[in-house]
Each structure stands twice: as structure tokens, then as C-alpha cells.
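Peer 1: This is the structure I want to talk about, given as C-alpha cells.
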Amino acid sequence: MKPAPFKYIAASSLHHALSLKAEYGDEARFLAGGQSLIPAMNFRLARPTALIDINGLNELARIERSQDGEIRVGALTRYRALERDSAFLKNCPLFADALPHIAHPQIRNRGTIGGNLSHADPASELPAIAVAMQARMRIKSAKGERQVVASEFFQGLLTTDLQAHEMLVEIAFPAAPARTGTCFMEVARRRGDFAICGVAAVVTVDDQGRCSQLRLVLCGVGDAPVDASAAAASLMGRHASGEAIEAVAADVQGMIEPSGNVHATPDYQRHIAGVLTQRAVGAALERVRDAA
Amino acid sequence: MQPEPHDIELSVNGTTYRRAVESRILLSDFLRHDLLLAGTHVGCEHGVCGACTILLDGSPVRSCLMLAVQANGHELSTVEGLANSDGELHPVQQAMHDHHGLQCGYCTAGILMTMTAFLQENPLPSEHEVREALSGNLCRCTGYQNIVDAMLAAAQAMRTAAP
């Protein structure tokens, strides 16, 4: 046995889980996939008084498509379920690029999208993708419900907008406009390791093939996902030439302040960010052309 | 805090067990210490090495990243259940033996559980897919080459046995 003692409660309904959280507040943690929480508890870096197990709440593990094309993913949906849902991957192709980078099959069989986003690891792929896709986070508590956009949800190192009594219950990904291409790329020391740097690119072009929107969000190079979309301002209304994309990549390199880690110096992370930006934007544009 | 036992009932390799467990007992420790199924090995205990991999309702998971109480009502498979009751090895075990896919053997149980599930899902894997599937299991002895050889041979044996 590794974790410090705690009280275990298997929630019988979402209402039950939220009432327990209202009662225990910060002292309790929700147990979803447990792939980040249990290691932290095994190291005793986390010592919750109570664990509220939400694994039985099947209503939180659904993927739905609304009439306007929005994809709504329940927080308890496991990576593996996303990976195996071809309709979901077709609608949210950034996930098709990113999921193979997330740890290993054994972890993906347990880990959940809501757990990942609530944990807010800065090297994790999904927070960057949620910001790039302008996802809306649906948050519930015993008292009510609210929504917050992904860019405001992530507030810093392992820190989100979630309050002590709240749970992230659903993530809604709006349908992409026509002529949109996406790409996620990352570099890690080995496949499945934490990203040294990752880049999510979402490009929309007009009917003349000129860039009308480009969102660029990076993981692994800050305390939270880094939105570097401003670097693409020079591309708007223009056809993206190789030189123009290179200039965007250089701007991204200037915007980020990576802190370095055991596998990479800040300069190396900056270098990778530039290379990946160039490749990801190029690939996203190519996908728009291929789809046309 | 006083330990609060939880009554659980689960199936491991087809046998039903009923036990009372403290909430903080990890599934890996429960299998080894309570059920005395010590074939599941415990390496890093934080989800990195894969030695403790078991099948939960048929899917490989890290048993060190689950609580025993969470296994209540589930069906588990461990390395003890791989061979036939008459002792005939599972094709994946036999191939590991034939290809010298283990040296110290510490990681082997986890690799066997990961790869039996993988080969059931993908009976005709490429070498790249085998390496990808193995990526969550660390082996410090073999350099992996013999394990990869064993898995490709096991895939063929399993295809021949159940075409």
C-alpha cells in the first residue's frame, strides 16, 4: 500500500458525486481514470481526505453530436473510446493526430478526457487542443451549472478555473467552418513520454484559398497551453507561401518562454516549436487542399 | 483515520473472490498479498514500467494505478490464467520461451498480459505495431529484439491455431 489513508466513496449518481464534493470541498478529489491522481497519491504528493469515485457514472461517458454539428464529449470518456470512434475522429481530427502521443495503451484504456483537462498538465496534448478548437467546458456543482471557454479554463500550472465544489462534466467542440484543416505534432524523448513541445494548428481558408483564420496553440513550453495565434496575423487574407509560414514560425519562437526541463534546454524547445509550427501549419493547409 | 473495509467481489481468471479491503490498497498489492497471485509483478508503482499490467474486463491496465475496491464487480485476468489447466503454455508464453524473450523475467508477466490482449485485437501486426504495443512495458535486460521476434511468432501461431 502506498497512498495515505482516505475515505473511498463510489458515487451512485452525478447528483450524489456533486453533493459529496459540496460537503468535502478541497479535501476530496474525484477519481476518474486515476492515471495522474493515483501516482500522485502513491508518492504522497496528493493526500486527499476522500476520493469520490465517478467511474460508475455512465452518463458522463457519452459522445454526442448536436444538430449544429457540435461534438459533446462526456468528461468520463476514456482516451481509448475516443481513439476507436471513427465518427468522432473525423469530426475532431486533431485528436486523431494527438491520441497516439498520449502515454501507452494501458494508460489510454483508463485515462479520461475530463480527468486530463481538469489535471491541466502543461505538457499534455489535450489542453492545447481544447484551446485550439475553442472548446467550451461545461461545469456542474450541486448549486448549478456554468460554461467557460477553454482559453479561460486553463489558468496556470496544474490550475484551472474549477472551484472546490465543481466538476467538469462535458467538453463541447464547435463544428469547424468549411475549408478548415488541422494538424497536431509533437516531439518527445520517446513515444508516449511528456512532450518537449507540441503544436496544434487550425487553419481556415476562404474560397480563394487565402488564410482567413489560423490558431496555433502549443503545449510543453509554458505553465499552461500557450496560444500563439497572434504570430499568424501577417498571414490573414494572404496565400500562405513557404516564406510566410517560416515568418510565422519565427514569430512563435519569439513569443514563447519555455523553461527547459531534464530532456531539453529552453533554446532547444524554442527550436522545436519553430520547426513544428512550420510543419503543422503546412500539413494543415495541405489537408484543406486535399479535402477540397 | 480508522481503516474502513469495503466488501468487494471480483473474478480473477474465472474464480470469484470475496474480500474486505481497506480503501487505499492498490489492486496490484491486493492481487499479490490478499489473493496470493504473485505472478503480477510490481515495479515502479506509479504507472511507468508496465510490470503490473493485468486485464480488466479484457483490456490491459496498470494494476498499480487502480484501487482494489475499484475492481469490485469486474473480471480480471492475470498471468496465472494464461496457461491451460493441463499446463500447456499460451502461444505468447511459448513464443517468449522459444525466442529467449526474457532474461530476469521481472517485466515478463506485464508484457504477456499486454501482448495477449494486443494480439487478440490485431492478429496480423507489423513489427512497428508490435513495438508500438510494447511501448508501455519496460524491459531492462533483453533490448526488446527477442520479445518482438517472439510476438511476431506468437501472432503466427495464434493465426494457425484459430484461422
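The chains in the C-alpha cells are called A, B, ... from first to last as shown; in each chain the residues are counted from 1, and the ligands are counted from 1 in the order shown.
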Taking only C-alpha atoms into account, produce a table as a Markdown table in which each residue of chain A with an atom at most 12 Å from an atom of chain B appears once, together with its shortest atom pair and the distance in Å to one decimal, ordered by chain and rising number.

Peer 2:
```
| residue | atom | partner | partner_atom | distance |
| --- | --- | --- | --- | --- |
| A:Met1 | CA | B:Ile25 | CA | 5.2 |
| A:Lys2 | CA | B:Arg24 | CA | 7.5 |
| A:Pro3 | CA | B:Arg24 | CA | 6.0 |
| A:Ala4 | CA | B:Arg24 | CA | 7.1 |
| A:Pro5 | CA | B:Arg24 | CA | 6.0 |
| A:Phe6 | CA | B:Arg24 | CA | 6.8 |
| A:Lys7 | CA | B:Ser23 | CA | 6.7 |
| A:Tyr8 | CA | B:Ser23 | CA | 5.8 |
| A:Ile9 | CA | B:Ser23 | CA | 9.1 |
| A:Ala10 | CA | B:Gln70 | CA | 8.6 |
| A:Ala11 | CA | B:Gln70 | CA | 11.8 |
| A:Leu31 | CA | B:Met66 | CA | 10.0 |
| A:Ala32 | CA | B:Met66 | CA | 10.4 |
| A:Gly33 | CA | B:Met66 | CA | 8.5 |
| A:Gly34 | CA | B:Leu65 | CA | 6.5 |
| A:Gln35 | CA | B:Leu65 | CA | 6.3 |
| A:Ser36 | CA | B:Leu65 | CA | 8.6 |
| A:Leu37 | CA | B:Leu65 | CA | 8.6 |
| A:Ile38 | CA | B:Leu65 | CA | 5.5 |
| A:Pro39 | CA | B:His46 | CA | 4.6 |
| A:Ala40 | CA | B:His46 | CA | 7.9 |
| A:Met41 | CA | B:His46 | CA | 9.1 |
| A:Asn42 | CA | B:His46 | CA | 6.7 |
| A:Phe43 | CA | B:His46 | CA | 7.9 |
| A:Arg44 | CA | B:His46 | CA | 11.1 |
| A:Leu45 | CA | B:His46 | CA | 11.9 |
| A:Arg47 | CA | B:Arg24 | CA | 11.1 |
| A:Pro48 | CA | B:Arg24 | CA | 11.2 |
| A:Thr49 | CA | B:Met1 | CA | 9.2 |
| A:Ala50 | CA | B:Ser23 | CA | 9.9 |
| A:Leu51 | CA | B:Ser23 | CA | 9.3 |
| A:Ile52 | CA | B:Gln70 | CA | 11.3 |
| A:Asp53 | CA | B:Gln70 | CA | 8.3 |
| A:Ile54 | CA | B:Gln70 | CA | 10.4 |
| A:Asn55 | CA | B:Gln70 | CA | 8.5 |
| A:Gly56 | CA | B:Gln70 | CA | 9.8 |
| A:Arg80 | CA | B:Ser59 | CA | 10.1 |
| A:Ala81 | CA | B:Ser59 | CA | 12.0 |
| A:Pro100 | CA | B:Glu132 | CA | 9.5 |
| A:His101 | CA | B:Glu132 | CA | 10.8 |
| A:Ile102 | CA | B:Gly136 | CA | 11.0 |
| A:Ala103 | CA | B:Gly136 | CA | 7.5 |
| A:His104 | CA | B:Gly136 | CA | 5.0 |
| A:Pro105 | CA | B:Gly136 | CA | 7.0 |
| A:Gln106 | CA | B:Val61 | CA | 4.4 |
| A:Ile107 | CA | B:Val61 | CA | 6.5 |
| A:Arg108 | CA | B:Val61 | CA | 8.6 |
| A:Asn109 | CA | B:Val61 | CA | 6.5 |
| A:Arg110 | CA | B:Val61 | CA | 6.9 |
| A:Gly111 | CA | B:Val61 | CA | 10.0 |
| A:Arg190 | CA | B:Ser135 | CA | 9.0 |
| A:Arg191 | CA | B:Ser135 | CA | 7.6 |
| A:Gly192 | CA | B:Ser135 | CA | 7.7 |
| A:Asp193 | CA | B:Val48 | CA | 9.7 |
| A:Phe194 | CA | B:Val48 | CA | 11.8 |
```

Peer 1: Write out as a PyMOL selection string each polymer residue whose atoms come within 7 Å of Met185 in chain A, counting only C-alpha atoms; drop sequence neighbours fewer than 5 positions from it.

Peer 2: chain A and resi 198-200+276+280

Peer 1: How far is it from CA of Val288 in chain A to CA of Phe173 in chain A, in Å with one decimal?

Peer 2: 19.1 Å

Peer 1: As an exercise, work out the distance from CA of Pro225 in chain A to CA of Glu257 in chain A in Å and give it to one decimal place.

Peer 2: 12.0 Å

Peer 1: With DSSP run on the backbone, what are the strand (DSSP E) residues within range 63-194 of chain A? I'd like them as a PyMOL selection string.

Peer 2: chain A and resi 63-65+71-74+136-140+145-149+154-156+159-160+167-173+180-188

Peer 1: List every residue of range 3-116 of chain A that DSSP, applied to the backbone of this structure, places in helix (DSSP H, G or I), and write the result as a PyMOL selection string.

Peer 2: chain A and resi 14-27+37-42+58-60+79-83+86-91+93-101+105-108+113-116

Peer 1: Could you tell me how far CA of Ala128 in chain A sits from CA of Ala264 in chain A, in Å to one decimal place?

Peer 2: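 Rounded to one decimal, the two atoms are 19.7 Å apart.
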
Peer 1: Name the closest residue to Gly237 in chain A among the candidates A:Ala250, A:Met167, A:Ala46, A:Leu214; distances are taken between atoms, counting only C-alpha atoms.

Peer 2: A:Leu214

Peer 1: As number ranges by chain, please: the residues near range 152-158 of chain A (cut-off 12 Å, only C-alpha atoms, same-chain neighbours under 4 positions excluded).

Peer 2: A: 36-37, 115-124, 126-131, 134-139, 146-148, 162-163, 168, 171, 219-227

Peer 1: Which residues are close to Ile8 in chain B, i.e. within 10 Å by only C-alpha atoms, leaving aside same-chain residues fewer than 3 positions away? Reply as a list in words.

Peer 2: Pro5, Tyr17, Arg18, Arg19, Ala20, Val21, Ala68, Val69, Gln70, Ala71, Asn72, Gly73 and His74 of chain B
